[in-house]
Amino acid sequence: MSSDATAPDRPVIQMEHVHKWFGELHVLNDINLEVGQSERIVICGPSGSGKSTLIRCINRLEEHQRGRIVVDGIELTNDVKNIEKIRAEVGMVFQHFNLFPHLTILDNLTLGPIWVRKTPRREAEETAMYFLEKVHIADQARKYPGQLSGGQQQRVAIARSLCMKPRIMLFDEPTSALDPEMVKEVLDAMIELAEEGMTMLVVTHEMGFAKSVAHRVIFMDEGQIVEENEPHAFFDNPRHERTQLFLSQILH
Amino acid sequence: MTVSGNAPKAEVLRPPVTRVGVVGWMRENLFNGWLNSVLTLVVLYGLWQVVPPLVRWALVDSLWNSTPEACRSIDGACWSFVPANLRFIVFGFYPADQQWRPLVSMVLLVALLWWSRDRSHWNRRLGWVWAAGLVVMGVLMRGGILGLQGVETSLWSGLPLTLLLSVFGMVAAYPFGVVLALGRQSRLPAVKSLCVVYIEMIRGVPLISMLFMASVMFPLFLPEGVTINKILRALVAIILFTAAYIAEVVRGGLQAMPKGQYEAAEALGLNYVQTMRLVILPQALKIVIPPTVGILISAFKDTSLVVIIALYDLLNTTKSALSNPKWMGFSTEAYIFVAAIYFVCCYAMSNYSRRLERELTPGRAGSDP
């Protein structure tokens with residue numbers, strides 16, 4: 001996959017001077033970020049650098065305290081209706097999958113469409129089966145999450161988000177909780193998604209994925225965006241000292 | 001065990017006889033070590049002392065259908081008390097010629113409960129069936145229309161009263177308790193503190209005092225001429241009381257839910273009510289089935305406390321039957337009988353809860369597809 005993205009005309013995510021504190025801790029410090037349609041961004045950085053918090057602010061799992069976040073033309077405020085509208089457009093995949101253990105795989109996938117999108121059950125199930133096929137797991141539809149391996153569960157989680165037909169997908173360390181042999185199957189599903197032009201923000205330490213899929217790599221440290229570049233320049237020629245240190249630690 | 005001469009050579013080696021069979025089991029479980037051997041012998045001696053006399057009293061020397069006078073001349077149990085007083089124990093002061101009505105009501109109630117025990121029947125239709133059943137039961141008990149003779153609620157007593165107080169007490173207290181638990185978790189300070197104050201206040205007060213308040217104090221606050229039915233007041237007291245306990249148990253279940261479940265539901269765009277109803281409560285309530293059933297069972301037994309506000313529940317009608325001079329002195333038999341009724345109900349509840357738990361465990365046979 002090449003990195004020459006079509007130039008983003010209208011940004012689908014705009015973050016302007018975003019700040020956030022956890023108590024005294026300044027977890028996001030003056031974040032400015034624009035993400036264009038179909039753009040794929042990988043965010044990396046040491047633990048505690050605020051990268052998860054950043055993407056969690058985009059669908060309001062965390063609340064920012066200063067600055068402006070506009071998603072798909074809707075500004076995130078305390079207006080609950082706006083928040084629900086944005087959440088329906090923004091899919092999220094978690095580190096620990098967070099499937100609903102009391103529901104079958106199929107019910108996990110249809111829950112959102114049926115209750116939020118008001119899709120008829122039949123149609124929702126057809127869509128669910130379509131996306132399960134796509135992540136190569138359709139034969140598990142009647143099982144419960146606890147009966148699946150970690151890699152399978154994470155692919156179900158991706159399919160669950162896709163069933164909402166989101167315009168943006170957020171991935172919060174999607175492979176960190178997986179056994180090594182299962183990482184590839186999840187990354188493959190994500191690469192397929194990327195090829196279809198999904199707008200993606202991915203927090204990950206999978207630098208191979210970043211190199212082959214991302215348009216831009218963002219390095220965060222201590223709540224700030226330290227460096228931002230297209231992947232080749234980022235990996236071959238990091239400008240900032242902290243980036244160099246981080247890359248030397250994870251790339252060996 | 002000796003091997004006889006004509007036994008096949010390649011005999012399968014079996015474990016020593018002292019390890020298998022009855023002897024092996026006894027060695028393993030009753031006589032391994034001197035302490036356990038002594039305990040076994042002590043217990044056996046105790047059983048020898050207790051069981052035969054008990055059997056003699058309850059079965060061999062007992063009378064099952066006799067006059068009280070005949071009972072006084074024997075050493076055994078006088079079970080005759082039960083059939084002779086059964087109608088009064090079960091139906092209390094309900095007019096004798098109308099007692100088929102509470103009987104039909106109770107049969108209807110048990111049938112509805114029995115039908116409802118299967119989760120595949122839980123749908124809208126079941127709700128309507130229950131609503132219709134309640135109306136029928138109410139009409140049967142109260143009468144006054146359709147040519148049925150009117151029966152004042154002050155005459156409702158015995159088993160129908162116990163079932164009325166406990167079934168409707170539990171059915172109403174459970175959802176109320178869940179709402180209280182959710183309220184206690186609320187981000188709105190007013191709602192939260194209201195629920196905390198309510199729960200802590202109710203839990204700090206014995207049920208008896210709630211019943212007293214309901215029957216003695218509460219009417220004082222009502223405007224003159226307005227009265228609220230005494231049974232209803234007791235029922236409300238039981239509901240308010242039980243709900244506070246249920247709320248705390250449910251709160252425990254809510255706290256056991258991982259944060260990721262809330263986040264996943266929210267990230268899908270589900271609102272608060274949907275998140276709770278579809279994702280959080282089904283899991284949280286399942287976790288707390290055992291303590292919840294504990295509370296419901298004790299609520300069921302606590303309905304007998306209505307005796308202090310002069311309602312005649314099952315236990316109180318039994319006591320009244322015992323105060324009849326003819327039958328005075330047979331309280332052991334009477335209370336064993338009532339205990340058996342209570343036990344059957346409580347055992348059914350705890351059995352059902354275990355079945356429900358099993359069914360709700362994902363991925364097991366018996367859970368719905």
# chains A, B, ... in the order shown; residues from 1 in each chain; ligands from 1
>>> residues_around(residues="A:Ala124", least_positions_apart="4", cutoff="10 Å", atoms="only C-alpha atoms", output="list in words")
Leu106, Asp107, Leu109, Thr110, Leu111, Gly112, Pro113, Ile114, Arg117, Lys118, Thr119, Pro120, Ala128, Met129, Tyr130, Cys163 and Met164 of chain A
>>> write_last_selection(atoms="all heavy atoms", output="compact mmCIF listing (two decimals), in the first residue's frame")
# COMPACT_ATOMS: atom_id res chain seq x y z
N LEU A 106 -23.50 -12.87 17.13
CA LEU A 106 -24.44 -12.19 16.24
C LEU A 106 -25.17 -11.07 16.98
O LEU A 106 -25.32 -9.95 16.46
CB LEU A 106 -25.44 -13.21 15.70
CG LEU A 106 -26.34 -12.73 14.56
CD1 LEU A 106 -25.50 -12.36 13.35
CD2 LEU A 106 -27.35 -13.81 14.19
N ASP A 107 -25.61 -11.34 18.22
CA ASP A 107 -26.32 -10.32 18.99
C ASP A 107 -25.40 -9.16 19.36
O ASP A 107 -25.84 -8.01 19.45
CB ASP A 107 -26.93 -10.93 20.25
CG ASP A 107 -28.11 -11.83 19.93
OD1 ASP A 107 -28.69 -11.66 18.84
OD2 ASP A 107 -28.45 -12.71 20.75
N LEU A 109 -23.20 -8.01 17.43
CA LEU A 109 -23.08 -7.19 16.23
C LEU A 109 -24.36 -6.42 15.90
O LEU A 109 -24.30 -5.34 15.33
CB LEU A 109 -22.69 -8.07 15.03
CG LEU A 109 -21.19 -8.16 14.76
CD1 LEU A 109 -20.47 -8.87 15.89
CD2 LEU A 109 -20.92 -8.86 13.44
N THR A 110 -25.51 -7.02 16.25
CA THR A 110 -26.76 -6.37 15.85
C THR A 110 -27.27 -5.38 16.89
O THR A 110 -28.16 -4.59 16.60
CB THR A 110 -27.87 -7.41 15.60
OG1 THR A 110 -27.99 -8.23 16.76
CG2 THR A 110 -27.54 -8.27 14.40
N LEU A 111 -26.69 -5.41 18.08
CA LEU A 111 -27.20 -4.56 19.17
C LEU A 111 -27.24 -3.09 18.78
O LEU A 111 -28.28 -2.42 18.90
CB LEU A 111 -26.34 -4.76 20.42
CG LEU A 111 -26.90 -4.17 21.71
CD1 LEU A 111 -28.07 -4.99 22.21
CD2 LEU A 111 -25.82 -4.13 22.79
N GLY A 112 -26.09 -2.58 18.32
CA GLY A 112 -26.02 -1.17 17.94
C GLY A 112 -26.97 -0.82 16.81
O GLY A 112 -27.81 0.09 16.95
N PRO A 113 -26.89 -1.52 15.68
CA PRO A 113 -27.78 -1.18 14.56
C PRO A 113 -29.25 -1.21 14.95
O PRO A 113 -30.01 -0.32 14.57
CB PRO A 113 -27.46 -2.27 13.53
CG PRO A 113 -26.06 -2.65 13.81
CD PRO A 113 -25.87 -2.50 15.30
N ILE A 114 -29.66 -2.24 15.72
CA ILE A 114 -31.09 -2.35 16.04
C ILE A 114 -31.54 -1.23 16.97
O ILE A 114 -32.58 -0.61 16.77
CB ILE A 114 -31.39 -3.73 16.68
CG1 ILE A 114 -31.32 -4.81 15.61
CG2 ILE A 114 -32.77 -3.73 17.34
CD1 ILE A 114 -31.48 -6.23 16.14
N ARG A 117 -29.52 2.62 15.38
CA ARG A 117 -29.90 2.97 14.01
C ARG A 117 -31.34 2.60 13.69
O ARG A 117 -31.82 2.90 12.61
CB ARG A 117 -28.98 2.23 13.04
CG ARG A 117 -27.54 2.69 13.09
CD ARG A 117 -27.27 3.63 11.93
NE ARG A 117 -25.85 3.87 11.78
CZ ARG A 117 -25.28 5.04 12.04
NH1 ARG A 117 -26.01 6.04 12.49
NH2 ARG A 117 -24.00 5.20 11.87
N LYS A 118 -31.98 1.84 14.58
CA LYS A 118 -33.36 1.37 14.37
C LYS A 118 -33.49 0.54 13.10
O LYS A 118 -34.50 0.60 12.40
CB LYS A 118 -34.35 2.56 14.32
CG LYS A 118 -34.17 3.59 15.42
CD LYS A 118 -34.60 3.06 16.77
CE LYS A 118 -34.36 4.11 17.85
NZ LYS A 118 -34.21 3.51 19.19
N THR A 119 -32.45 -0.22 12.80
CA THR A 119 -32.50 -1.12 11.65
C THR A 119 -33.39 -2.32 12.00
O THR A 119 -33.32 -2.80 13.12
CB THR A 119 -31.08 -1.66 11.36
OG1 THR A 119 -30.17 -0.57 11.43
CG2 THR A 119 -30.99 -2.30 9.98
N PRO A 120 -34.21 -2.79 11.05
CA PRO A 120 -34.98 -4.01 11.34
C PRO A 120 -34.03 -5.18 11.62
O PRO A 120 -32.96 -5.26 11.02
CB PRO A 120 -35.76 -4.27 10.05
CG PRO A 120 -35.74 -2.98 9.30
CD PRO A 120 -34.51 -2.24 9.73
N ALA A 128 -24.64 -7.99 9.75
CA ALA A 128 -23.70 -8.61 10.69
C ALA A 128 -23.00 -9.79 10.04
O ALA A 128 -21.77 -9.92 10.13
CB ALA A 128 -24.45 -9.05 11.94
N MET A 129 -23.77 -10.62 9.34
CA MET A 129 -23.15 -11.79 8.70
C MET A 129 -22.17 -11.36 7.62
O MET A 129 -21.11 -11.96 7.45
CB MET A 129 -24.23 -12.71 8.11
CG MET A 129 -25.04 -13.47 9.14
SD MET A 129 -24.09 -14.26 10.45
CE MET A 129 -23.25 -15.54 9.53
N TYR A 130 -22.51 -10.28 6.90
CA TYR A 130 -21.61 -9.77 5.88
C TYR A 130 -20.25 -9.39 6.49
O TYR A 130 -19.19 -9.77 5.97
CB TYR A 130 -22.26 -8.56 5.19
CG TYR A 130 -21.32 -7.80 4.28
CD1 TYR A 130 -21.01 -8.29 3.01
CD2 TYR A 130 -20.74 -6.61 4.70
CE1 TYR A 130 -20.14 -7.61 2.18
CE2 TYR A 130 -19.87 -5.91 3.89
CZ TYR A 130 -19.57 -6.41 2.62
OH TYR A 130 -18.71 -5.73 1.81
N CYS A 163 -20.51 -2.72 11.75
CA CYS A 163 -21.95 -2.86 11.55
C CYS A 163 -22.70 -1.55 11.70
O CYS A 163 -23.80 -1.39 11.19
CB CYS A 163 -22.53 -3.87 12.55
SG CYS A 163 -22.24 -5.56 12.06
N MET A 164 -22.11 -0.62 12.43
CA MET A 164 -22.75 0.70 12.59
C MET A 164 -22.48 1.58 11.38
O MET A 164 -22.89 2.73 11.35
CB MET A 164 -22.24 1.38 13.85
CG MET A 164 -22.70 0.73 15.14
SD MET A 164 -24.47 0.90 15.37
CE MET A 164 -24.59 2.64 15.80
>>> residues_around(residues="A:Val35", least_positions_apart="4", cutoff="8 Å", atoms="only C-alpha atoms", output="ChimeraX atom specification")
/A:8,11-14,39,41
>>> closest_residue(among="B:Phe330, B:Tyr262, B:Phe88, B:Phe31", to="chain A", atoms="only C-alpha atoms")
B:Tyr262
>>> residues_around(residues="B:Leu207", least_positions_apart="3", cutoff="7 Å", atoms="only C-alpha atoms", output="compact mmCIF listing (two decimals) with N, CA and C atoms, in the first residue's frame")
# COMPACT_ATOMS: atom_id res chain seq x y z
N MET B 210 -41.19 -0.48 60.80
CA MET B 210 -41.82 -0.01 59.58
C MET B 210 -43.30 -0.41 59.56
N LEU B 211 -43.57 -1.64 59.97
CA LEU B 211 -44.95 -2.11 59.98
C LEU B 211 -45.78 -1.30 60.98
N PHE B 241 -39.16 -1.75 52.51
CA PHE B 241 -38.09 -2.34 53.30
C PHE B 241 -37.21 -3.25 52.44
>>> residues_around(residues="A:His136", least_positions_apart="5", cutoff="10 Å", atoms="only C-alpha atoms", output="compact mmCIF listing (two decimals) with all heavy atoms, in the first residue's frame")
# COMPACT_ATOMS: atom_id res chain seq x y z
N TYR A 130 -22.51 -10.28 6.90
CA TYR A 130 -21.61 -9.77 5.88
C TYR A 130 -20.25 -9.39 6.49
O TYR A 130 -19.19 -9.77 5.97
CB TYR A 130 -22.26 -8.56 5.19
CG TYR A 130 -21.32 -7.80 4.28
CD1 TYR A 130 -21.01 -8.29 3.01
CD2 TYR A 130 -20.74 -6.61 4.70
CE1 TYR A 130 -20.14 -7.61 2.18
CE2 TYR A 130 -19.87 -5.91 3.89
CZ TYR A 130 -19.57 -6.41 2.62
OH TYR A 130 -18.71 -5.73 1.81
N PHE A 131 -20.31 -8.67 7.60
CA PHE A 131 -19.04 -8.23 8.20
C PHE A 131 -18.31 -9.38 8.89
O PHE A 131 -17.09 -9.40 8.93
CB PHE A 131 -19.27 -7.06 9.16
CG PHE A 131 -19.48 -5.76 8.44
CD1 PHE A 131 -20.70 -5.11 8.49
CD2 PHE A 131 -18.45 -5.19 7.70
CE1 PHE A 131 -20.90 -3.92 7.80
CE2 PHE A 131 -18.65 -4.00 7.01
CZ PHE A 131 -19.87 -3.37 7.06
N GLN A 152 -9.84 -13.94 17.56
CA GLN A 152 -11.19 -13.98 17.01
C GLN A 152 -12.08 -12.94 17.65
O GLN A 152 -12.85 -12.25 16.97
CB GLN A 152 -11.79 -15.38 17.25
CG GLN A 152 -11.15 -16.46 16.40
CD GLN A 152 -11.68 -17.84 16.77
OE1 GLN A 152 -11.87 -18.14 17.95
NE2 GLN A 152 -11.91 -18.67 15.77
N ARG A 155 -11.42 -9.59 16.18
CA ARG A 155 -12.00 -9.43 14.86
C ARG A 155 -13.51 -9.23 14.96
O ARG A 155 -14.10 -8.45 14.21
CB ARG A 155 -11.67 -10.65 13.99
CG ARG A 155 -10.23 -10.60 13.52
CD ARG A 155 -9.92 -11.73 12.59
NE ARG A 155 -9.70 -12.98 13.30
CZ ARG A 155 -9.97 -14.18 12.80
NH1 ARG A 155 -10.50 -14.29 11.59
NH2 ARG A 155 -9.72 -15.26 13.50
N VAL A 156 -14.15 -9.92 15.93
CA VAL A 156 -15.58 -9.69 16.16
C VAL A 156 -15.80 -8.23 16.57
O VAL A 156 -16.73 -7.58 16.09
CB VAL A 156 -16.13 -10.63 17.25
CG1 VAL A 156 -17.54 -10.23 17.65
CG2 VAL A 156 -16.11 -12.06 16.77
N GLU A 185 -3.64 -11.87 12.39
CA GLU A 185 -5.00 -11.97 11.86
C GLU A 185 -5.78 -10.68 12.10
O GLU A 185 -6.63 -10.28 11.29
CB GLU A 185 -5.73 -13.18 12.46
CG GLU A 185 -5.94 -13.10 13.97
CD GLU A 185 -6.47 -14.40 14.58
OE1 GLU A 185 -5.79 -15.43 14.40
OE2 GLU A 185 -7.54 -14.37 15.21
N ALA A 189 -7.06 -7.85 9.16
CA ALA A 189 -8.41 -7.30 9.07
C ALA A 189 -8.37 -5.78 8.98
O ALA A 189 -9.13 -5.15 8.24
CB ALA A 189 -9.24 -7.74 10.27
>>> closest_residue(among="A:Ile191, A:Val213, A:Ile86, A:Leu28", to="chain B", atoms="only C-alpha atoms")
A:Ile86
>>> residues_around(residues="stretch 140-147 of chain B", least_positions_apart="3", cutoff="9 Å", atoms="only C-alpha atoms", output="PDB file with all heavy atoms, in the first residue's frame")
ATOM      1  N   ARG B 101     -63.055 -19.640  46.837  1.00  0.00           N
ATOM      2  CA  ARG B 101     -62.536 -18.500  46.078  1.00  0.00           C
ATOM      3  C   ARG B 101     -61.052 -18.254  46.323  1.00  0.00           C
ATOM      4  O   ARG B 101     -60.263 -18.167  45.377  1.00  0.00           O
ATOM      5  CB  ARG B 101     -63.387 -17.267  46.373  1.00  0.00           C
ATOM      6  CG  ARG B 101     -64.705 -17.321  45.593  1.00  0.00           C
ATOM      7  CD  ARG B 101     -65.790 -16.496  46.219  1.00  0.00           C
ATOM      8  NE  ARG B 101     -65.365 -15.121  46.469  1.00  0.00           N
ATOM      9  CZ  ARG B 101     -66.151 -14.211  47.041  1.00  0.00           C
ATOM     10  NH1 ARG B 101     -67.375 -14.512  47.425  1.00  0.00           N
ATOM     11  NH2 ARG B 101     -65.701 -12.995  47.234  1.00  0.00           N
ATOM     12  N   PRO B 102     -60.615 -18.135  47.603  1.00  0.00           N
ATOM     13  CA  PRO B 102     -59.150 -18.034  47.801  1.00  0.00           C
ATOM     14  C   PRO B 102     -58.409 -19.265  47.293  1.00  0.00           C
ATOM     15  O   PRO B 102     -57.282 -19.148  46.806  1.00  0.00           O
ATOM     16  CB  PRO B 102     -58.993 -17.883  49.318  1.00  0.00           C
ATOM     17  CG  PRO B 102     -60.307 -18.140  49.916  1.00  0.00           C
ATOM     18  CD  PRO B 102     -61.344 -17.928  48.864  1.00  0.00           C
ATOM     19  N   VAL B 104     -59.166 -21.125  44.645  1.00  0.00           N
ATOM     20  CA  VAL B 104     -58.980 -20.971  43.192  1.00  0.00           C
ATOM     21  C   VAL B 104     -57.916 -19.900  42.915  1.00  0.00           C
ATOM     22  O   VAL B 104     -57.059 -20.062  42.040  1.00  0.00           O
ATOM     23  CB  VAL B 104     -60.321 -20.621  42.518  1.00  0.00           C
ATOM     24  CG1 VAL B 104     -60.097 -20.243  41.057  1.00  0.00           C
ATOM     25  CG2 VAL B 104     -61.281 -21.780  42.623  1.00  0.00           C
ATOM     26  N   SER B 105     -57.957 -18.819  43.693  1.00  0.00           N
ATOM     27  CA  SER B 105     -56.974 -17.752  43.491  1.00  0.00           C
ATOM     28  C   SER B 105     -55.556 -18.274  43.673  1.00  0.00           C
ATOM     29  O   SER B 105     -54.656 -17.984  42.880  1.00  0.00           O
ATOM     30  CB  SER B 105     -57.202 -16.606  44.486  1.00  0.00           C
ATOM     31  OG  SER B 105     -58.468 -16.057  44.291  1.00  0.00           O
ATOM     32  N   VAL B 135     -56.441  -9.561  37.964  1.00  0.00           N
ATOM     33  CA  VAL B 135     -57.819  -9.077  38.042  1.00  0.00           C
ATOM     34  C   VAL B 135     -58.733 -10.192  38.528  1.00  0.00           C
ATOM     35  O   VAL B 135     -59.543 -10.004  39.449  1.00  0.00           O
ATOM     36  CB  VAL B 135     -58.281  -8.550  36.660  1.00  0.00           C
ATOM     37  CG1 VAL B 135     -59.784  -8.258  36.686  1.00  0.00           C
ATOM     38  CG2 VAL B 135     -57.498  -7.307  36.287  1.00  0.00           C
ATOM     39  N   VAL B 136     -58.580 -11.376  37.941  1.00  0.00           N
ATOM     40  CA  VAL B 136     -59.424 -12.504  38.337  1.00  0.00           C
ATOM     41  C   VAL B 136     -59.244 -12.814  39.823  1.00  0.00           C
ATOM     42  O   VAL B 136     -60.210 -12.958  40.571  1.00  0.00           O
ATOM     43  CB  VAL B 136     -59.089 -13.751  37.488  1.00  0.00           C
ATOM     44  CG1 VAL B 136     -59.821 -14.982  38.024  1.00  0.00           C
ATOM     45  CG2 VAL B 136     -59.466 -13.512  36.035  1.00  0.00           C
ATOM     46  N   MET B 137     -57.959 -12.849  40.250  1.00  0.00           N
ATOM     47  CA  MET B 137     -57.698 -13.138  41.667  1.00  0.00           C
ATOM     48  C   MET B 137     -58.316 -12.079  42.564  1.00  0.00           C
ATOM     49  O   MET B 137     -58.933 -12.388  43.584  1.00  0.00           O
ATOM     50  CB  MET B 137     -56.189 -13.199  41.926  1.00  0.00           C
ATOM     51  CG  MET B 137     -55.546 -14.492  41.475  1.00  0.00           C
ATOM     52  SD  MET B 137     -53.810 -14.511  41.952  1.00  0.00           S
ATOM     53  CE  MET B 137     -53.015 -14.264  40.400  1.00  0.00           C
ATOM     54  N   GLY B 150     -69.542 -10.105  48.701  1.00  0.00           N
ATOM     55  CA  GLY B 150     -68.399  -9.277  49.064  1.00  0.00           C
ATOM     56  C   GLY B 150     -67.726  -9.783  50.330  1.00  0.00           C
ATOM     57  O   GLY B 150     -68.398 -10.190  51.270  1.00  0.00           O
ATOM     58  N   VAL B 151     -66.380  -9.775  50.318  1.00  0.00           N
ATOM     59  CA  VAL B 151     -65.640 -10.197  51.518  1.00  0.00           C
ATOM     60  C   VAL B 151     -64.653  -9.086  51.872  1.00  0.00           C
ATOM     61  O   VAL B 151     -63.793  -8.747  51.066  1.00  0.00           O
ATOM     62  CB  VAL B 151     -64.876 -11.517  51.276  1.00  0.00           C
ATOM     63  CG1 VAL B 151     -64.090 -11.899  52.515  1.00  0.00           C
ATOM     64  CG2 VAL B 151     -65.835 -12.626  50.890  1.00  0.00           C
ATOM     65  N   GLU B 152     -64.840  -8.521  53.067  1.00  0.00           N
ATOM     66  CA  GLU B 152     -63.953  -7.443  53.500  1.00  0.00           C
ATOM     67  C   GLU B 152     -62.506  -7.937  53.563  1.00  0.00           C
ATOM     68  O   GLU B 152     -62.250  -9.090  53.926  1.00  0.00           O
ATOM     69  CB  GLU B 152     -64.379  -6.958  54.884  1.00  0.00           C
ATOM     70  CG  GLU B 152     -65.583  -6.058  54.859  1.00  0.00           C
ATOM     71  CD  GLU B 152     -65.386  -4.853  53.961  1.00  0.00           C
ATOM     72  OE1 GLU B 152     -64.303  -4.218  54.047  1.00  0.00           O
ATOM     73  OE2 GLU B 152     -66.280  -4.553  53.134  1.00  0.00           O
ATOM     74  N   THR B 153     -61.567  -7.049  53.244  1.00  0.00           N
ATOM     75  CA  THR B 153     -60.164  -7.475  53.277  1.00  0.00           C
ATOM     76  C   THR B 153     -59.728  -7.803  54.700  1.00  0.00           C
ATOM     77  O   THR B 153     -58.746  -8.507  54.897  1.00  0.00           O
ATOM     78  CB  THR B 153     -59.231  -6.397  52.717  1.00  0.00           C
ATOM     79  OG1 THR B 153     -59.482  -5.187  53.423  1.00  0.00           O
ATOM     80  CG2 THR B 153     -59.453  -6.182  51.244  1.00  0.00           C
ATOM     81  N   TRP B 156     -59.419 -11.373  55.058  1.00  0.00           N
ATOM     82  CA  TRP B 156     -58.397 -12.121  54.309  1.00  0.00           C
ATOM     83  C   TRP B 156     -57.337 -12.570  55.291  1.00  0.00           C
ATOM     84  O   TRP B 156     -56.760 -11.756  56.003  1.00  0.00           O
ATOM     85  CB  TRP B 156     -57.745 -11.243  53.246  1.00  0.00           C
ATOM     86  CG  TRP B 156     -58.682 -10.783  52.172  1.00  0.00           C
ATOM     87  CD1 TRP B 156     -60.031 -10.880  52.168  1.00  0.00           C
ATOM     88  CD2 TRP B 156     -58.313 -10.135  50.954  1.00  0.00           C
ATOM     89  NE1 TRP B 156     -60.542 -10.340  51.021  1.00  0.00           N
ATOM     90  CE2 TRP B 156     -59.507  -9.872  50.261  1.00  0.00           C
ATOM     91  CE3 TRP B 156     -57.101  -9.762  50.391  1.00  0.00           C
ATOM     92  CZ2 TRP B 156     -59.517  -9.240  49.029  1.00  0.00           C
ATOM     93  CZ3 TRP B 156     -57.111  -9.140  49.172  1.00  0.00           C
ATOM     94  CH2 TRP B 156     -58.306  -8.882  48.487  1.00  0.00           C
TER      95      TRP B 156
END
>>> closest_residue(among="A:Arg68, A:Arg121, A:Arg167, A:Lys211", to="A:Asn229", atoms="only C-alpha atoms")
A:Lys211
>>> residues_around(residues="B:Ile341", least_positions_apart="2", cutoff="12 Å", atoms="only C-alpha atoms", output="MDAnalysis selection string")
chainID B and resid 89:90 158:159 162:163 300:301 314:315 318 334:339 343:348
>>> write_last_selection(atoms="N, CA, C and O atoms", output="compact mmCIF listing (two decimals), in the first residue's frame")
# COMPACT_ATOMS: atom_id res chain seq x y z
N ILE B 89 -56.43 -22.88 59.42
CA ILE B 89 -55.02 -22.51 59.26
C ILE B 89 -54.80 -21.89 57.88
O ILE B 89 -54.16 -20.87 57.73
N VAL B 90 -55.38 -22.52 56.85
CA VAL B 90 -55.12 -22.06 55.49
C VAL B 90 -55.93 -20.81 55.15
O VAL B 90 -55.40 -19.86 54.57
N GLY B 158 -54.58 -16.17 56.63
CA GLY B 158 -54.00 -17.48 56.34
C GLY B 158 -53.04 -17.46 55.18
O GLY B 158 -52.38 -16.46 54.90
N LEU B 159 -52.98 -18.59 54.48
CA LEU B 159 -52.03 -18.73 53.39
C LEU B 159 -52.25 -17.72 52.26
O LEU B 159 -51.27 -17.16 51.74
N THR B 162 -50.47 -14.60 53.32
CA THR B 162 -49.01 -14.76 53.26
C THR B 162 -48.51 -14.68 51.82
O THR B 162 -47.54 -13.98 51.51
N LEU B 163 -49.20 -15.38 50.92
CA LEU B 163 -48.78 -15.35 49.51
C LEU B 163 -48.95 -13.97 48.91
O LEU B 163 -48.09 -13.48 48.18
N PHE B 300 -39.78 -13.30 52.38
CA PHE B 300 -40.93 -14.20 52.43
C PHE B 300 -41.21 -14.62 53.87
O PHE B 300 -42.35 -14.58 54.34
N LYS B 301 -40.15 -14.98 54.58
CA LYS B 301 -40.36 -15.42 55.96
C LYS B 301 -40.75 -14.26 56.87
O LYS B 301 -41.50 -14.44 57.82
N LEU B 314 -50.43 -16.86 57.74
CA LEU B 314 -50.42 -18.31 57.97
C LEU B 314 -49.99 -18.67 59.39
O LEU B 314 -50.62 -19.48 60.06
N LEU B 315 -48.93 -18.03 59.87
CA LEU B 315 -48.41 -18.36 61.19
C LEU B 315 -49.39 -17.95 62.28
O LEU B 315 -49.58 -18.65 63.28
N THR B 318 -52.41 -20.23 62.53
CA THR B 318 -52.01 -21.44 63.23
C THR B 318 -52.03 -21.22 64.74
O THR B 318 -52.53 -22.03 65.52
N ALA B 334 -48.35 -28.48 65.17
CA ALA B 334 -48.84 -27.36 64.37
C ALA B 334 -47.68 -26.62 63.70
O ALA B 334 -47.71 -26.33 62.50
N TYR B 335 -46.65 -26.33 64.49
CA TYR B 335 -45.55 -25.54 63.94
C TYR B 335 -44.72 -26.34 62.95
O TYR B 335 -44.18 -25.80 62.00
N ILE B 336 -44.62 -27.67 63.17
CA ILE B 336 -43.91 -28.50 62.19
C ILE B 336 -44.65 -28.42 60.85
O ILE B 336 -44.04 -28.28 59.78
N PHE B 337 -45.97 -28.45 60.91
CA PHE B 337 -46.76 -28.38 59.69
C PHE B 337 -46.53 -27.05 58.95
O PHE B 337 -46.27 -27.00 57.75
N VAL B 338 -46.59 -25.95 59.72
CA VAL B 338 -46.38 -24.64 59.09
C VAL B 338 -44.96 -24.52 58.56
O VAL B 338 -44.73 -24.02 57.45
N ALA B 339 -44.00 -25.04 59.34
CA ALA B 339 -42.61 -24.99 58.90
C ALA B 339 -42.45 -25.71 57.58
O ALA B 339 -41.72 -25.27 56.68
N PHE B 343 -40.99 -24.22 54.28
CA PHE B 343 -39.80 -24.85 53.68
C PHE B 343 -40.03 -25.14 52.20
O PHE B 343 -39.17 -24.85 51.37
N VAL B 344 -41.20 -25.67 51.88
CA VAL B 344 -41.47 -26.01 50.47
C VAL B 344 -41.34 -24.74 49.62
O VAL B 344 -40.70 -24.75 48.55
N CYS B 345 -41.89 -23.64 50.09
CA CYS B 345 -41.84 -22.40 49.30
C CYS B 345 -40.39 -21.91 49.15
O CYS B 345 -39.95 -21.56 48.05
N CYS B 346 -39.67 -21.88 50.27
CA CYS B 346 -38.30 -21.36 50.22
C CYS B 346 -37.39 -22.25 49.38
O CYS B 346 -36.56 -21.78 48.61
N TYR B 347 -37.62 -23.57 49.53
CA TYR B 347 -36.78 -24.49 48.77
C TYR B 347 -37.04 -24.34 47.28
O TYR B 347 -36.11 -24.36 46.47
N ALA B 348 -38.31 -24.15 46.94
CA ALA B 348 -38.65 -23.94 45.52
C ALA B 348 -37.93 -22.71 44.99
O ALA B 348 -37.38 -22.71 43.89
>>> residues_around(residues="A:Val202", least_positions_apart="3", cutoff="9 Å", atoms="only C-alpha atoms", output="PyMOL selection string")
chain A and resi 40-44+55+169-174+210+214
